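Structure file query.cif with mmCIF, C-alpha atoms:
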data_work
#
loop_
_atom_site.label_atom_id
_atom_site.label_comp_id
_atom_site.auth_asym_id
_atom_site.auth_seq_id
_atom_site.Cartn_x
_atom_site.Cartn_y
_atom_site.Cartn_z
CA MET A 156 -12.05 -4.86 -3.90
CA ALA A 157 -11.66 -8.51 -2.90
CA ALA A 158 -10.60 -7.32 0.55
CA LEU A 159 -13.80 -5.26 0.81
CA ILE A 160 -15.82 -8.42 0.21
CA PHE A 161 -13.74 -10.32 2.76
CA THR A 162 -13.84 -7.67 5.50
CA SER A 163 -17.60 -7.27 5.24
CA SER A 164 -19.39 -10.38 4.01
CA VAL A 165 -16.93 -13.01 5.30
CA VAL A 166 -15.85 -11.38 8.57
CA LEU A 167 -19.39 -10.35 9.54
CA GLY A 168 -20.99 -13.54 8.26
CA ALA A 169 -23.44 -11.48 6.21
CA ARG A 170 -24.76 -12.06 2.71
CA TRP A 171 -23.13 -9.90 0.03
CA ALA A 172 -25.51 -7.22 -1.20
CA THR A 173 -26.71 -7.77 -4.80
CA PRO A 174 -24.17 -10.40 -5.91
CA ARG A 175 -25.24 -10.28 -9.58
CA LEU A 176 -24.47 -6.57 -9.71
CA GLY A 177 -21.09 -7.51 -8.20
CA TRP A 178 -20.36 -9.78 -11.16
CA ALA A 179 -21.36 -6.95 -13.50
CA ALA A 180 -18.99 -4.61 -11.64
CA PHE A 181 -16.22 -7.20 -11.87
CA ALA A 182 -16.85 -7.51 -15.62
CA LEU A 183 -16.68 -3.72 -15.98
CA MET A 184 -13.31 -3.69 -14.22
CA ILE A 185 -11.93 -6.42 -16.49
CA ILE A 186 -13.32 -4.79 -19.64
CA GLY A 187 -11.93 -1.42 -18.51
CA ALA A 188 -8.47 -2.91 -17.95
CA LEU A 189 -8.54 -4.66 -21.34
CA VAL A 190 -9.74 -1.54 -23.17
CA ASN A 191 -6.96 0.49 -21.54
CA ASN A 192 -4.36 -2.15 -22.42
CA TYR A 193 -5.71 -2.26 -25.97
CA ALA A 194 -5.08 1.48 -26.33
CA VAL A 195 -1.53 1.21 -24.95
CA LEU A 196 -0.33 -2.09 -26.40
CA VAL A 197 -2.31 -2.62 -29.61
CA GLN A 198 -3.28 0.82 -30.86
CA GLY A 199 0.03 2.20 -29.62
CA ASN A 200 -1.30 5.75 -29.48
CA SER A 201 -1.21 6.11 -25.70
CA SER A 202 2.40 6.39 -24.64
CA VAL A 203 1.49 8.93 -21.95
CA MET A 204 2.30 6.43 -19.19
CA MET A 205 0.33 6.16 -15.98
CA THR A 206 0.24 9.86 -15.09
CA SER A 207 -1.11 10.83 -18.57
CA TYR A 208 -0.62 14.55 -18.03
CA VAL A 209 -2.54 16.81 -20.40
CA PRO A 210 -1.91 18.33 -22.89
CA MET A 211 -0.14 15.10 -23.86
CA PRO A 212 -2.83 13.24 -25.80
CA ALA A 213 -3.71 9.57 -25.45
CA GLY A 214 -6.18 7.49 -27.44
CA THR A 215 -9.88 7.72 -26.53
CA PHE A 216 -9.88 4.10 -25.38
CA PHE A 217 -7.14 4.91 -22.85
CA TYR A 218 -9.42 7.27 -20.91
CA LEU A 219 -12.53 5.17 -21.55
CA GLY A 220 -10.83 2.08 -20.09
CA LEU A 221 -9.87 3.95 -16.93
CA ILE A 222 -13.41 5.27 -16.49
CA LEU A 223 -15.00 1.83 -17.00
CA PHE A 224 -12.64 0.28 -14.45
CA ALA A 225 -13.42 3.05 -11.94
CA VAL A 226 -17.19 2.63 -12.36
CA GLY A 227 -16.83 -1.10 -11.62
CA ALA A 228 -14.75 -0.40 -8.51
CA LEU A 229 -17.24 2.24 -7.34
CA ILE A 230 -20.15 -0.21 -7.62
CA ILE A 231 -18.28 -2.67 -5.37
CA CYS A 232 -17.63 0.12 -2.82
CA PHE A 233 -21.36 0.79 -2.57
CA GLN A 234 -22.07 -2.93 -2.35
CA PHE A 235 -19.67 -3.05 0.60
CA LEU A 236 -21.65 -0.30 2.32
CA GLY A 237 -24.89 -2.13 1.46
CA THR A 238 -23.50 -5.30 3.00
CA LEU A 239 -22.70 -3.41 6.22
CA ILE A 240 -26.30 -2.21 6.35
CA THR A 241 -27.59 -5.76 5.72
CA ALA A 242 -25.31 -7.15 8.45
CA LYS A 243 -26.53 -4.52 10.90
CA SER A 244 -30.21 -5.06 10.14
CA GLU A 245 -29.88 -8.86 10.24
CA ARG A 246 -27.80 -8.61 13.44
CA THR A 247 -24.94 -10.80 12.30
CA TYR A 248 -22.70 -8.99 14.82
CA GLU A 249 -23.13 -7.06 18.04
CA GLY A 250 -21.81 -3.66 19.05
CA SER A 251 -19.33 -1.85 16.79
CA VAL A 252 -18.01 -3.51 13.65
CA PRO A 253 -14.76 -5.47 14.24
CA LEU A 254 -11.46 -3.64 13.69
CA VAL A 255 -10.81 -5.54 10.44
CA THR A 256 -14.17 -4.42 9.03
CA PHE A 257 -13.43 -0.89 10.26
CA GLY A 258 -10.20 -0.99 8.25
CA GLY A 259 -12.18 -2.16 5.23
CA LEU A 260 -14.60 0.73 5.72
CA THR A 261 -11.65 3.15 5.84
CA ALA A 262 -10.37 1.71 2.55
CA CYS A 263 -13.88 2.00 1.06
CA ILE A 264 -14.18 5.69 2.00
CA ILE A 265 -10.74 6.43 0.56
CA ALA A 266 -11.70 4.48 -2.59
CA ILE A 267 -14.85 6.56 -3.08
CA PHE A 268 -12.82 9.78 -2.68
CA THR A 269 -10.25 8.42 -5.11
CA ILE A 270 -12.76 7.43 -7.78
CA ALA A 271 -14.66 10.72 -7.40
CA SER A 272 -11.40 12.64 -7.96
CA GLY A 273 -10.69 10.47 -10.98
CA ALA A 274 -14.15 11.17 -12.41
CA ILE A 275 -13.76 14.93 -11.86
CA ILE A 276 -10.62 15.02 -13.98
CA LEU A 277 -10.84 12.04 -16.36
CA VAL A 278 -14.37 12.65 -17.69
CA PRO A 279 -13.48 16.22 -18.85
CA THR A 280 -10.23 14.82 -20.25
CA LEU A 281 -12.19 12.27 -22.29
CA LEU A 282 -14.41 15.10 -23.56
CA TRP A 283 -11.27 17.11 -24.38
CA ASN A 284 -9.94 14.08 -26.22
CA LEU A 285 -13.17 13.90 -28.24
CA GLY A 286 -12.90 17.60 -29.09
CA LEU A 287 -15.92 18.63 -26.99
CA VAL A 288 -13.85 20.62 -24.47
CA SER A 289 -11.30 23.08 -25.84
CA ASN A 290 -8.74 23.24 -23.06
CA ILE A 291 -7.78 21.68 -19.74
CA ASP A 292 -5.39 23.56 -17.47
CA ALA A 293 -2.25 21.47 -17.01
CA GLY A 294 -1.72 22.59 -13.39
CA VAL A 295 -5.31 21.89 -12.35
CA TYR A 296 -5.14 18.52 -14.10
CA ARG A 297 -2.05 17.51 -12.13
CA LEU A 298 -3.52 18.64 -8.80
CA ILE A 299 -6.79 16.71 -9.24
CA TRP A 300 -5.18 13.77 -11.01
CA TRP A 301 -2.94 13.15 -8.01
CA ALA A 302 -5.91 13.23 -5.64
CA PHE A 303 -6.91 10.21 -7.72
CA GLY A 304 -3.47 8.78 -8.53
CA HIS A 305 -1.90 8.76 -5.10
CA SER A 306 -5.08 8.02 -3.19
CA SER A 307 -5.54 4.86 -5.22
CA GLN A 308 -2.31 3.76 -3.54
CA GLN A 309 -3.74 4.63 -0.12
CA ILE A 310 -6.54 2.12 -0.67
CA ASN A 311 -3.86 -0.57 -0.84
CA VAL A 312 -2.06 0.81 2.22
CA THR A 313 -5.23 0.72 4.28
CA VAL A 314 -6.13 -2.75 3.08
CA HIS A 315 -2.71 -4.26 3.75
CA VAL A 316 -2.64 -2.76 7.26
CA THR A 317 -6.10 -4.26 7.78
CA ILE A 318 -4.74 -7.63 6.65
CA TRP A 319 -1.89 -7.28 9.19
CA TYR A 320 -4.46 -7.02 11.97
CA ALA A 321 -6.41 -9.95 10.52
CA ILE A 322 -3.32 -12.16 10.31
CA ALA A 323 -2.25 -11.24 13.87
CA ALA A 324 -5.68 -12.31 15.11
CA ILE A 325 -5.93 -15.45 12.95
CA VAL A 326 -2.40 -16.85 13.32
CA PHE A 327 -1.74 -15.82 16.95
CA GLY A 328 -5.17 -15.12 18.44
CA ALA A 329 -3.80 -11.63 19.15
CA LYS A 330 -5.97 -8.70 20.14
CA PRO A 331 -5.00 -5.06 19.45
CA LEU A 332 -3.05 -3.34 22.21
CA SER A 333 -5.60 -0.53 22.12
CA GLU A 334 -8.46 -0.83 19.69
CA LYS A 335 -9.36 2.84 20.11
CA VAL A 336 -5.87 3.97 19.14
CA SER A 337 -5.85 1.65 16.12
CA ARG A 338 -9.23 2.96 14.97
CA PHE A 339 -8.04 6.54 15.44
CA ALA A 340 -4.99 5.76 13.30
CA PHE A 341 -7.33 4.52 10.55
CA LEU A 342 -9.30 7.77 10.84
CA LEU A 343 -6.06 9.72 10.42
CA TYR A 344 -5.62 7.92 7.09
CA ILE A 345 -8.96 9.28 5.90
CA ALA A 346 -8.18 12.79 7.17
CA VAL A 347 -4.64 13.36 5.92
CA LEU A 348 -3.42 10.73 3.49
CA GLN A 349 -5.10 12.46 0.57
CA ILE A 350 -3.52 15.79 1.45
CA ALA A 351 -0.16 14.07 1.37
CA SER A 352 -0.83 13.27 -2.29
CA ALA A 353 0.49 16.76 -2.94
CA HIS A 354 4.06 15.45 -2.66
CA HIS A 355 3.75 14.56 -6.34
CA LEU A 356 3.63 18.31 -7.05
CA LEU A 357 6.74 19.04 -5.03
CA VAL A 358 8.65 20.74 -7.81
CA ASP A 359 5.69 21.91 -9.90
CA PRO A 360 5.52 25.56 -10.87
CA GLY A 361 2.52 27.67 -9.84
CA LEU A 362 2.40 26.51 -6.24
CA SER A 363 3.93 28.40 -3.33
CA SER A 364 6.66 26.91 -1.15
CA GLU A 365 4.38 27.31 1.89
CA TRP A 366 1.64 25.25 0.20
CA ARG A 367 4.06 22.57 -0.81
CA ILE A 368 5.87 22.36 2.52
CA PHE A 369 2.64 22.23 4.54
CA ASN A 370 0.93 19.62 2.39
CA THR A 371 3.87 17.43 1.64
CA SER A 372 5.65 17.58 4.95
CA TYR A 373 3.44 18.41 7.93
CA ALA A 374 0.23 16.83 6.65
CA MET A 375 2.15 13.81 5.48
CA TYR A 376 3.79 13.36 8.89
CA LEU A 377 0.33 12.84 10.44
CA ALA A 378 -0.25 10.02 7.96
CA VAL A 379 3.21 8.65 8.74
CA MET A 380 2.33 8.80 12.43
CA ALA A 381 -0.79 6.73 11.74
CA SER A 382 1.31 4.13 9.95
CA MET A 383 3.78 4.10 12.86
CA VAL A 384 0.89 3.46 15.25
CA HIS A 385 -0.11 0.43 13.18
CA GLY A 386 3.55 -0.57 12.85
CA LEU A 387 3.82 -0.58 16.67
CA THR A 388 0.48 -2.10 17.62
CA VAL A 389 0.50 -5.04 15.21
CA PRO A 390 3.87 -6.54 16.28
CA GLY A 391 3.10 -5.39 19.83
CA SER A 392 -0.15 -7.35 19.86
CA ILE A 393 1.63 -10.38 18.38
CA GLU A 394 4.34 -10.13 21.06
CA ALA A 395 1.77 -9.89 23.86
CA ALA A 396 -0.15 -12.90 22.48
CA GLN A 397 3.02 -14.95 22.05
CA ARG A 398 4.12 -14.14 25.60
CA ALA A 399 0.67 -15.09 26.86
CA HIS A 400 1.05 -18.37 24.95
CA GLY A 401 4.17 -19.05 27.04
CA PHE A 402 7.01 -17.60 24.92
CA ASN A 403 7.84 -15.06 27.61
CA SER A 404 11.59 -15.46 27.96
CA GLY A 405 13.93 -12.53 27.25
CA PHE A 406 13.30 -9.84 24.67
CA PHE A 407 12.86 -11.85 21.50
CA GLN A 408 11.85 -15.44 22.26
CA TRP A 409 8.33 -14.58 21.02
CA LEU A 410 9.80 -13.60 17.64
CA ARG A 411 12.21 -16.54 17.39
CA LYS A 412 9.38 -18.95 18.13
CA ALA A 413 7.03 -17.30 15.65
CA PRO A 414 5.84 -19.57 12.81
CA TRP A 415 8.42 -18.44 10.24
CA GLY A 416 7.72 -21.51 8.10
CA ASN A 417 4.16 -20.31 7.62
CA PRO A 418 4.17 -18.00 4.56
CA VAL A 419 1.15 -16.16 5.91
CA PHE A 420 3.14 -14.90 8.89
CA SER A 421 6.52 -14.50 7.17
CA GLY A 422 4.88 -12.64 4.25
CA MET A 423 3.15 -10.34 6.67
CA PHE A 424 6.34 -9.70 8.63
CA ILE A 425 8.30 -8.89 5.46
CA SER A 426 5.47 -6.51 4.62
CA LEU A 427 5.77 -4.87 8.03
CA VAL A 428 9.51 -4.30 7.74
CA GLY A 429 9.46 -3.38 4.05
CA PHE A 430 6.59 -0.95 4.29
CA GLY A 431 7.22 0.45 7.74
CA VAL A 432 10.99 0.75 7.91
CA LEU A 433 12.40 0.93 4.39
CA GLY A 434 9.42 2.40 2.55
CA GLY A 435 8.44 4.70 5.38
CA ILE A 436 11.85 6.23 6.05
CA THR A 437 12.60 6.83 2.37
CA GLY A 438 9.13 8.32 1.90
CA VAL A 439 9.73 10.90 4.60
CA VAL A 440 13.07 11.83 3.06
CA MET A 441 11.46 12.33 -0.34
CA GLY A 442 8.56 14.27 1.18
CA ALA A 443 10.86 16.95 2.63
CA GLU A 444 11.05 19.65 -0.04
CA GLN A 445 14.74 20.40 0.43
CA ILE A 446 16.26 16.92 0.56
CA ASN A 447 13.87 15.71 -2.12
CA LEU A 448 16.00 17.63 -4.58
CA ILE A 449 18.93 15.23 -4.13
CA VAL A 450 16.88 12.34 -5.42
CA HIS A 451 14.08 13.96 -7.42
CA ASN A 452 13.07 11.89 -10.45
CA THR A 453 15.96 9.48 -10.01
CA LEU A 454 15.82 5.72 -9.58
CA TYR A 455 15.52 6.38 -5.85
CA VAL A 456 11.82 7.03 -6.45
CA PRO A 457 10.96 3.61 -7.91
CA GLY A 458 13.33 2.21 -5.25
CA HIS A 459 11.06 3.78 -2.62
CA PHE A 460 7.81 2.52 -4.00
CA ALA A 461 9.20 -0.92 -4.66
CA ARG A 462 9.87 -1.08 -0.92
CA HIS A 463 6.63 0.61 -0.01
CA GLY A 464 4.31 -0.98 -2.51
CA GLY A 465 6.10 -4.15 -3.47
CA ARG A 466 7.23 -5.38 -0.12
CA GLY A 467 4.47 -3.73 1.83
CA HIS A 468 1.34 -4.38 -0.17
CA HIS A 469 2.26 -7.50 -2.03
CA ALA A 470 3.88 -9.39 0.80
CA GLY A 471 1.04 -8.42 3.12
CA LEU A 472 -1.81 -8.99 0.72
CA HIS A 473 -0.40 -12.18 -0.74
CA GLY A 474 0.20 -13.47 2.77
CA GLY A 475 -3.52 -12.87 3.24
CA ASP A 476 -4.32 -14.60 -0.07
CA LEU A 477 -2.39 -17.67 1.00
CA ARG A 478 -4.33 -17.77 4.22
CA TRP A 479 -7.72 -17.79 2.53
CA CYS A 480 -6.89 -19.98 -0.42
CA CYS A 481 -4.19 -22.47 0.39
CA ARG A 482 -5.41 -24.58 3.21
CA MET B 53 17.72 3.54 -4.25
CA GLY B 54 21.46 3.87 -3.91
CA ALA B 55 21.87 4.30 -7.68
CA GLY B 56 19.19 7.00 -7.53
CA THR B 57 21.05 8.83 -4.78
CA LEU B 58 24.08 8.77 -7.09
CA GLY B 59 21.94 10.44 -9.75
CA VAL B 60 20.79 7.67 -12.10
CA PRO B 61 17.52 9.05 -13.54
CA ARG B 62 14.17 7.42 -14.11
CA ARG B 63 11.51 7.98 -16.79
CA HIS B 64 14.06 7.77 -19.57
CA TRP B 65 14.45 4.97 -22.05
CA ASP B 66 18.24 5.09 -21.74
CA ILE B 67 18.84 5.83 -18.09
CA LEU B 68 22.59 5.32 -18.32
CA PHE B 69 22.86 7.52 -21.45
CA SER B 70 24.90 4.72 -23.00
CA SER B 71 23.87 5.68 -26.53
CA ALA B 72 23.92 9.47 -26.10
CA GLU B 73 26.41 11.47 -28.13
CA ASN B 74 27.57 13.31 -25.07
CA GLY B 75 27.49 10.36 -22.75
CA TYR B 76 27.98 10.43 -19.04
CA GLU B 77 30.07 7.95 -17.14
CA TRP B 78 28.32 6.79 -14.00
CA SER B 79 30.40 5.82 -10.99
CA ALA B 80 31.31 2.17 -10.50
CA ALA B 81 29.17 2.17 -7.33
CA ALA B 82 26.09 3.24 -9.31
CA MET B 83 26.71 0.57 -11.94
CA THR B 84 27.22 -2.09 -9.25
CA MET B 85 23.96 -1.18 -7.60
CA MET B 86 22.16 -1.25 -10.94
CA SER B 87 23.54 -4.74 -11.54
CA LEU B 88 22.44 -5.88 -8.08
CA ASN B 89 19.05 -4.40 -8.86
CA GLY B 90 18.84 -6.41 -12.07
CA MET B 91 19.61 -9.66 -10.25
CA SER B 92 17.14 -8.85 -7.48
CA VAL B 93 14.43 -8.13 -10.04
CA LEU B 94 14.93 -11.60 -11.53
CA LEU B 95 14.57 -13.18 -8.08
CA ALA B 96 11.49 -11.07 -7.33
CA ALA B 97 9.92 -12.01 -10.68
CA LEU B 98 10.64 -15.67 -9.96
CA GLY B 99 8.97 -15.32 -6.54
CA GLY B 100 5.97 -13.66 -8.16
CA ALA B 101 5.67 -16.42 -10.76
CA MET B 102 5.90 -19.07 -8.02
CA PHE B 103 3.17 -17.32 -6.08
CA ILE B 104 0.89 -17.27 -9.12
CA ALA B 105 1.64 -20.96 -9.77
CA VAL B 106 0.73 -21.86 -6.17
CA MET B 107 -2.48 -19.81 -6.23
CA VAL B 108 -3.69 -20.98 -9.65
CA GLY B 109 -2.63 -24.55 -8.86
CA THR B 110 -4.62 -24.42 -5.61
CA ILE B 111 -7.72 -23.24 -7.42
CA LEU B 112 -7.41 -25.80 -10.22
CA ILE B 113 -6.02 -28.92 -8.55
CA GLY B 114 -6.04 -28.12 -4.83
CA ARG B 115 -7.97 -29.97 -2.16
CA ARG B 116 -11.69 -29.45 -2.65
CA VAL B 117 -13.89 -27.92 0.00
CA GLY B 118 -17.00 -29.74 1.22
CA GLU B 119 -20.16 -30.08 -0.81
CA ASP B 120 -22.05 -27.21 0.80
CA GLN B 121 -19.04 -25.13 1.69
CA LYS B 122 -18.38 -21.95 -0.22
CA MET B 123 -14.87 -21.53 1.20
CA PRO B 124 -12.49 -23.55 3.33
CA GLU B 125 -12.80 -23.33 7.07
CA ILE B 126 -10.42 -20.72 8.35
CA ALA B 127 -8.62 -22.19 11.31
CA LEU B 128 -8.44 -19.47 13.91
CA ALA B 129 -5.65 -19.70 16.44
CA GLU B 130 -6.99 -20.05 19.94
CA PRO B 131 -6.72 -16.65 21.65
CA PRO B 132 -4.75 -16.78 24.90
CA GLU B 133 -6.85 -16.71 28.03
CA GLU B 134 -7.16 -13.33 29.71
CA LYS B 135 -5.37 -14.53 32.84
CA SER B 136 -2.34 -15.70 30.84
CA TYR B 137 -1.69 -12.05 29.91
CA ARG B 138 -0.90 -11.33 33.55
CA GLY B 139 2.77 -11.01 34.43
CA ILE B 140 4.07 -11.16 30.84
CA GLY B 141 6.99 -9.04 29.67
CA VAL B 142 10.33 -8.04 31.14
CA GLY B 143 10.69 -5.69 34.12
CA GLY B 144 7.08 -4.59 34.02
CA ILE B 145 7.19 -3.73 30.32
CA ILE B 146 4.66 -5.90 28.48
CA ILE B 147 6.17 -5.70 24.99
CA PRO B 148 9.91 -5.04 25.48
CA GLY B 149 10.90 -6.72 22.20
CA THR B 150 8.65 -4.47 20.10
CA LEU B 151 9.83 -1.40 22.00
CA ALA B 152 13.48 -2.37 21.42
CA MET B 153 12.80 -2.71 17.69
CA LEU B 154 10.96 0.62 17.77
CA PHE B 155 13.97 2.39 19.28
CA VAL B 156 16.26 0.85 16.64
CA PHE B 157 13.79 2.10 14.01
CA PHE B 158 13.81 5.63 15.44
CA ALA B 159 17.62 5.64 15.56
CA VAL B 160 17.86 4.48 11.93
CA PHE B 161 15.21 7.02 10.93
CA ALA B 162 17.06 9.93 12.58
CA LEU B 163 20.43 8.83 11.22
CA TYR B 164 19.12 8.41 7.68
CA TYR B 165 17.37 11.79 7.80
CA PHE B 166 20.58 13.44 9.03
CA ILE B 167 22.71 11.72 6.37
CA ASN B 168 20.45 13.05 3.63
CA TRP B 169 20.64 16.63 4.93
CA LYS B 170 24.41 16.25 5.21
CA TYR B 171 24.50 14.96 1.65
CA LEU B 172 22.42 17.91 0.48
CA ALA B 173 24.81 20.31 2.24
CA GLU B 174 27.72 18.74 0.38
CA THR B 175 26.21 19.27 -3.07
CA TRP B 176 27.43 22.82 -3.04
CA GLY B 177 30.11 24.44 -0.97
CA LEU B 178 29.87 27.62 1.06
CA SER B 179 33.08 29.60 1.21
#
Show me this structure written as structure tokens.
Amino acid sequence: MAALIFTSSVVLGARWATPRLGWAAFALMIIGALVNNYAVLVQGNSSVMMTSYVPMPAGTFFYLGLILFAVGALIICFQFLGTLITAKSERTYEGSVPLVTFGGLTACIIAIFTIASGAIILVPTLLWNLGLVSNIDAGVYRLIWWAFGHSSQQINVTVHVTIWYAIAAIVFGAKPLSEKVSRFAFLLYIAVLQIASAHHLLVDPGLSSEWRIFNTSYAMYLAVMASMVHGLTVPGSIEAAQRAHGFNSGFFQWLRKAPWGNPVFSGMFISLVGFGVLGGITGVVMGAEQINLIVHNTLYVPGHFARHGGRGHHAGLHGGDLRWCCR
Amino acid sequence: MGAGTLGVPRRHWDILFSSAENGYEWSAAAMTMMSLNGMSVLLAALGGAMFIAVMVGTILIGRRVGEDQKMPEIALAEPPEEKSYRGIGVGGIIIPGTLAMLFVFFAVFALYYFINWKYLAETWGLS
């Protein structure tokens, strides 16, 4: 959500739409998180863990906290769109929005899809918890829940890739190798990343092998391709800029002479390698229905998302944080 | 990940089944990797704590921005001039270093994918 504010208001030099409502949304997110934590840690009646599959019951506050948080996040998404409209009408930029803002818009669209999916399944679950709905189908719950659960991760993916582009431009003065290709890769995220959420249902009963193989393998490979495009163009643009700055000798002088002592760059590069190489390769292995079975529900899975999420998102996003805050 | 490939489960409060009546003895390799994981987690947590300390410290006691400034000036690196892009690269390839890394990535990707299929094939024998 912070990245949405940065990629719109700060990058475009536009005023943030309805800032007071933004504080209210922020408060809703904090209250939602606290209410959810209260149910898990204090009440102790919500040991359903993150996936909270029905018919396993959790406390009412567990679902209520999630819904409050999501409403806050949704308000910020619409404020982001409002800020884009303000920037356009007040002409704070010319032509198309910059690539970094485009990445933010991609993340915003995925966030709205994510929150809508969450509302579709969590509101009925809250009503079920209150005894107002008699039954929720476990299979349908899992299908819709993962449209929410995995897509929430895709918001982070899109944002950290956006931050890569921002850092390449800010630290090196780099420009994308092909802006059209980069924008198309962002569009691929919107089109196929959500479908790839189905890999969480890889061994679920009630779904055909064809459905699982198509959604978890072929659709996912398009999303992987988009990530590979970003993984090529970001270091490629840095290399071109470094060479243009005079570090043009051999294959890797540009990389040796990169500012490794600057945590903004080194954090971003760790993110690139961790997300793109280690997280990406292991993700494809787990997404293939057959070889998934070697590692299904083993520690390999958290191993994958520690690489993917931990090294990718955190190193990238925190590199970005350091840039904005610690000067 | 290596411990997972050797079968150590997740989503279980006793992943090594150390207190189960019918326990299971994990291989020494799996235990070694779990131990390495434990040490790495401590380092990662330390890094995370240091990051939080730096960020919170910056907000509380860091250098202040100007009176009318809402955020510090972001120093943008000077973009290279258009003409300095001419003639860069090796042998006509503009970004040979990135391409070399890309080919290494593809090779690792293919090898890792093959190894996993090979491993799957070895989980049961065909006679």
Translate the PyMOL selection byres ((chain A) within 7 of (chain B)) into a concrete residue list for this structure, as a ChimeraX atom specification. /A:325-329,390-391,394-396,398-400,403,405-407,432,436,440,446,449-450,452-455,458-459,481
Residue members of the PyMOL selection byres ((chain A and resi 313) around 10) in the file shown, as a PyMOL selection string: chain A and resi 258-263+265+308-312+314-319+341+344-345+382+468
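Proximity of A:Ile393, A:Leu221, A:Ala228, A:Lys243 to Ala169 of chain A, computed with all atoms listed in the file, is greatest for A:Lys243.
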Nearest candidate to Leu387 of chain A (options A:Ile160, A:Ala353, A:Tyr373, A:Tyr320; using only C-alpha atoms):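 The answer is A:Tyr320, which sits nearest to Leu387 of chain A.
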Using the chain letters and residue numbers of this document, give as a ChimeraX atom specification the residues selected by the PyMOL selection byres ((chain A and resi 270-287) around 7). /A:215,218,225,229,266-269,288-290,296,299-300,302-303
What does the distance from atom CA of Gln234 of chain A to atom CA of Gln349 of chain A come to in Å, to one decimal? 23.1 Å
What's the separation between atom CA of Thr256 of chain A and atom CA of Ser163 of chain A, in Å to one decimal place? 5.9 Å
Give as JSON, numbers by chain each residue that has an atom at most 12 Å from (1.0, 21.6, -17.2) in the file, counting all atoms listed in the file. {"A": [206, 207, 208, 209, 210, 211, 290, 291, 292, 293, 294, 295, 296, 297, 298, 300, 356, 359, 360, 361]}
Work out how far apart atom CA of Ala213 of chain A and atom CA of Gln198 of chain A are and give it in Å to one decimal.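 Atom CA of Ala213 of chain A sits 10.3 Å away from atom CA of Gln198 of chain A.
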